[in-house]
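Heads up, the thing below is written out as structure tokens.
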Amino acid sequence: MTFNSGFKSQVGFSLLEVLSASALVSLLSVLLIEGGLFIQRDSKLAQQNMQVLNHLENRLELQRMEVLLNESITESMDTWSLMLEIPSLHITHQQKVEFSSLGVVGTYIQVSAQWRDPWHQTQQLSLATWVAFKE
């Protein structure tokens with residue numbers, strides 16, 4: 001940019017223009033970095049949710065099979081939870097005999113998980129089913 005004031009002419013940009021352009025580029029780069037980190041954490045949380053949901057579905061199915069077969073088969077599931085890459089994952093389950101609204105005796109099974117997400121907040125997920133006793 002060229003300015004012609006009575007005594008001297010200026011060629012190029014002024015110091016104020018250069019500083020404001022540098023500040024704007026710096027601000028935009030910081031915002032892009034923060035946005036990228038947010039997207040990475042959000043995708044990590046989605047990945048953790050899918051892993052935990054898959055694990056809980058498998059655990060619930062094995063618990064249901066235990067009720068139907070009257071055998072203990074969940075010991076092999078304990079090694080599966082070690083393969084998940086989720087810090088501080090705690091899995092609990094409960095079984096209790098209940099009557100349905102139609103008076104059928106069955107077993108209520110609930111499997112729950114609790115873990116820390118990438119933002120270090122506690123996440124929880126529970127799955128439940130009801131299995132009628134076979135005759």
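Ordered as shown in the structure tokens, chains take letters A, B, and onward, while each chain numbers its residues from 1 and ligands are numbered from 1 in the order shown.
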### Task
Within 9 Å of Leu56 of chain A, counting only C-alpha atoms, which residues show up once you throw out same-chain ones fewer than 5 positions away? Write them as a ChimeraX atom specification, please.
/A:51,61,91,111-113,125-127
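Across A:Gln124, A:Trp119, A:Glu57, A:Glu17, the tightest approach to Arg41 of chain A is made by A:Trp119 when counting only C-alpha atoms.
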### Message
Write out as a ChimeraX atom specification the set of residues from segment 24-133 of chain A that DSSP, computed on the backbone, places in strand (DSSP E or B).
### Response
/A:90-99,105-116,122-132
Would you mind exporting the chosen residues as a short mmCIF file (atom, residue, chain, number, x, y, z; two decimals), in the first residue's frame, restricted to N, CA, C and O atoms?
data_model
loop_
_atom_site.label_atom_id
_atom_site.label_comp_id
_atom_site.auth_asym_id
_atom_site.auth_seq_id
_atom_site.Cartn_x
_atom_site.Cartn_y
_atom_site.Cartn_z
N HIS A 90 -15.88 -49.71 35.76
CA HIS A 90 -16.43 -50.59 36.80
C HIS A 90 -17.74 -51.16 36.30
O HIS A 90 -18.64 -50.42 35.92
N ILE A 91 -17.82 -52.49 36.30
CA ILE A 91 -19.03 -53.16 35.81
C ILE A 91 -19.64 -53.93 36.97
O ILE A 91 -18.96 -54.66 37.68
N THR A 92 -20.94 -53.73 37.17
CA THR A 92 -21.68 -54.45 38.22
C THR A 92 -22.90 -55.10 37.59
O THR A 92 -23.38 -54.67 36.53
N HIS A 93 -23.38 -56.13 38.24
CA HIS A 93 -24.62 -56.76 37.78
C HIS A 93 -25.42 -57.23 38.99
O HIS A 93 -24.88 -57.47 40.07
N GLN A 94 -26.71 -57.32 38.78
CA GLN A 94 -27.58 -57.83 39.84
C GLN A 94 -28.66 -58.69 39.22
O GLN A 94 -29.08 -58.47 38.08
N GLN A 95 -29.06 -59.70 39.98
CA GLN A 95 -30.14 -60.59 39.58
C GLN A 95 -31.10 -60.72 40.75
O GLN A 95 -30.67 -60.85 41.89
N LYS A 96 -32.40 -60.67 40.46
CA LYS A 96 -33.36 -60.90 41.51
C LYS A 96 -34.61 -61.53 40.91
O LYS A 96 -34.98 -61.26 39.77
N VAL A 97 -35.21 -62.41 41.69
CA VAL A 97 -36.43 -63.10 41.26
C VAL A 97 -37.61 -62.18 41.50
O VAL A 97 -37.75 -61.59 42.57
N GLU A 98 -38.44 -62.03 40.45
CA GLU A 98 -39.59 -61.15 40.54
C GLU A 98 -40.79 -61.80 39.87
O GLU A 98 -40.65 -62.75 39.11
N PHE A 99 -41.95 -61.23 40.14
CA PHE A 99 -43.17 -61.61 39.46
C PHE A 99 -43.49 -60.54 38.42
O PHE A 99 -43.39 -59.35 38.68
N VAL A 105 -43.32 -65.95 37.24
CA VAL A 105 -42.09 -65.82 38.00
C VAL A 105 -40.92 -65.77 37.02
O VAL A 105 -40.85 -66.54 36.08
N GLY A 106 -40.00 -64.86 37.28
CA GLY A 106 -38.83 -64.73 36.41
C GLY A 106 -37.68 -64.06 37.12
O GLY A 106 -37.77 -63.71 38.30
N THR A 107 -36.61 -63.87 36.41
CA THR A 107 -35.41 -63.24 36.95
C THR A 107 -35.18 -61.92 36.23
O THR A 107 -35.13 -61.87 35.00
N TYR A 108 -35.03 -60.86 37.02
CA TYR A 108 -34.69 -59.54 36.50
C TYR A 108 -33.17 -59.42 36.55
O TYR A 108 -32.55 -59.63 37.59
N ILE A 109 -32.56 -59.10 35.41
CA ILE A 109 -31.10 -58.99 35.31
C ILE A 109 -30.76 -57.58 34.88
O ILE A 109 -31.32 -57.07 33.90
N GLN A 110 -29.83 -56.95 35.60
CA GLN A 110 -29.37 -55.62 35.23
C GLN A 110 -27.85 -55.60 35.27
O GLN A 110 -27.23 -56.07 36.23
N VAL A 111 -27.26 -55.05 34.21
CA VAL A 111 -25.81 -54.90 34.12
C VAL A 111 -25.52 -53.41 33.95
O VAL A 111 -26.12 -52.75 33.11
N SER A 112 -24.63 -52.88 34.79
CA SER A 112 -24.33 -51.45 34.77
C SER A 112 -22.82 -51.24 34.64
O SER A 112 -22.03 -52.05 35.11
N ALA A 113 -22.47 -50.12 34.03
CA ALA A 113 -21.06 -49.74 33.89
C ALA A 113 -20.91 -48.28 34.27
O ALA A 113 -21.81 -47.47 34.06
N GLN A 114 -19.76 -47.96 34.83
CA GLN A 114 -19.42 -46.59 35.19
C GLN A 114 -17.95 -46.38 34.84
O GLN A 114 -17.11 -47.22 35.13
N TRP A 115 -17.65 -45.24 34.18
CA TRP A 115 -16.28 -44.95 33.78
C TRP A 115 -16.08 -43.45 33.67
O TRP A 115 -17.01 -42.68 33.72
N ARG A 116 -14.80 -43.05 33.50
CA ARG A 116 -14.43 -41.64 33.34
C ARG A 116 -14.25 -41.35 31.85
O ARG A 116 -13.54 -42.07 31.16
N THR A 122 -17.86 -38.54 35.14
CA THR A 122 -18.33 -39.90 35.29
C THR A 122 -19.49 -40.17 34.33
O THR A 122 -20.45 -39.40 34.28
N GLN A 123 -19.38 -41.25 33.58
CA GLN A 123 -20.44 -41.69 32.67
C GLN A 123 -21.01 -43.00 33.20
O GLN A 123 -20.30 -43.80 33.79
N GLN A 124 -22.30 -43.20 32.97
CA GLN A 124 -22.96 -44.42 33.43
C GLN A 124 -23.83 -44.98 32.32
O GLN A 124 -24.40 -44.23 31.53
N LEU A 125 -23.93 -46.31 32.29
CA LEU A 125 -24.76 -46.98 31.31
C LEU A 125 -25.30 -48.25 31.96
O LEU A 125 -24.56 -48.96 32.64
N SER A 126 -26.58 -48.51 31.77
CA SER A 126 -27.21 -49.71 32.34
C SER A 126 -28.08 -50.38 31.31
O SER A 126 -28.76 -49.72 30.52
N LEU A 127 -28.05 -51.70 31.32
CA LEU A 127 -28.93 -52.51 30.49
C LEU A 127 -29.64 -53.51 31.40
O LEU A 127 -29.05 -54.01 32.35
N ALA A 128 -30.90 -53.81 31.09
CA ALA A 128 -31.66 -54.74 31.92
C ALA A 128 -32.55 -55.59 31.04
O ALA A 128 -32.94 -55.20 29.93
N THR A 129 -32.86 -56.77 31.54
CA THR A 129 -33.79 -57.67 30.87
C THR A 129 -34.51 -58.51 31.92
O THR A 129 -34.13 -58.51 33.09
N TRP A 130 -35.54 -59.19 31.49
CA TRP A 130 -36.31 -60.05 32.38
C TRP A 130 -36.42 -61.41 31.72
O TRP A 130 -36.81 -61.51 30.54
N VAL A 131 -36.07 -62.47 32.45
CA VAL A 131 -36.08 -63.83 31.90
C VAL A 131 -37.09 -64.64 32.68
O VAL A 131 -36.98 -64.77 33.91
N ALA A 132 -38.07 -65.19 31.98
CA ALA A 132 -39.06 -66.06 32.63
C ALA A 132 -38.44 -67.44 32.84
O ALA A 132 -37.64 -67.91 32.03
#
#### Entry: All alpha helix (DSSP H) residues (DSSP, backbone) inside segment 12-122 of chain A, as a PyMOL selection string
chain A and resi 15-69+77-83
### Message
Applying 8 Å and only C-alpha atoms, which residues near Gln48 of chain A remain after dropping the ones on its own chain fewer than 4 positions away? List them as an MDAnalysis selection string.
### Response
chainID A and resid 44 52 86 117
Can I get the selected residues back with all heavy atoms, as a compact mmCIF listing (two decimals), in the first residue's frame?
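File part_36.txt, as written:
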# COMPACT_ATOMS: atom_id res chain seq x y z
N LYS A 44 -13.63 -39.65 20.98
CA LYS A 44 -13.16 -40.63 21.97
C LYS A 44 -14.30 -41.06 22.89
O LYS A 44 -14.44 -42.24 23.21
CB LYS A 44 -12.01 -40.03 22.78
CG LYS A 44 -11.39 -40.97 23.78
CD LYS A 44 -10.60 -42.05 23.10
CE LYS A 44 -9.86 -42.87 24.13
NZ LYS A 44 -9.15 -43.97 23.52
N VAL A 52 -18.35 -49.80 25.59
CA VAL A 52 -19.03 -50.19 26.83
C VAL A 52 -20.39 -50.82 26.51
O VAL A 52 -20.77 -51.83 27.11
CB VAL A 52 -19.17 -48.99 27.78
CG1 VAL A 52 -20.07 -49.33 28.96
CG2 VAL A 52 -17.80 -48.55 28.27
N ILE A 86 -10.48 -48.41 28.39
CA ILE A 86 -11.24 -47.39 29.10
C ILE A 86 -10.75 -47.35 30.54
O ILE A 86 -10.86 -48.33 31.26
CB ILE A 86 -12.74 -47.70 29.05
CG1 ILE A 86 -13.21 -47.74 27.60
CG2 ILE A 86 -13.53 -46.68 29.84
CD1 ILE A 86 -14.60 -48.20 27.41
N ASP A 117 -14.86 -40.28 31.38
CA ASP A 117 -14.74 -39.90 29.97
C ASP A 117 -13.51 -39.00 29.76
O ASP A 117 -12.80 -38.70 30.72
CB ASP A 117 -16.03 -39.23 29.48
CG ASP A 117 -16.29 -37.89 30.13
OD1 ASP A 117 -15.43 -37.39 30.89
OD2 ASP A 117 -17.36 -37.32 29.89
### Task
Would you mind reading off the distance between atom CA of Leu53 of chain A and atom CA of Leu84 of chain A, one decimal, in Å?
11.5 Å
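Atom CA of Ile33 of chain A is found 24.4 Å from atom CA of Asn49 of chain A.
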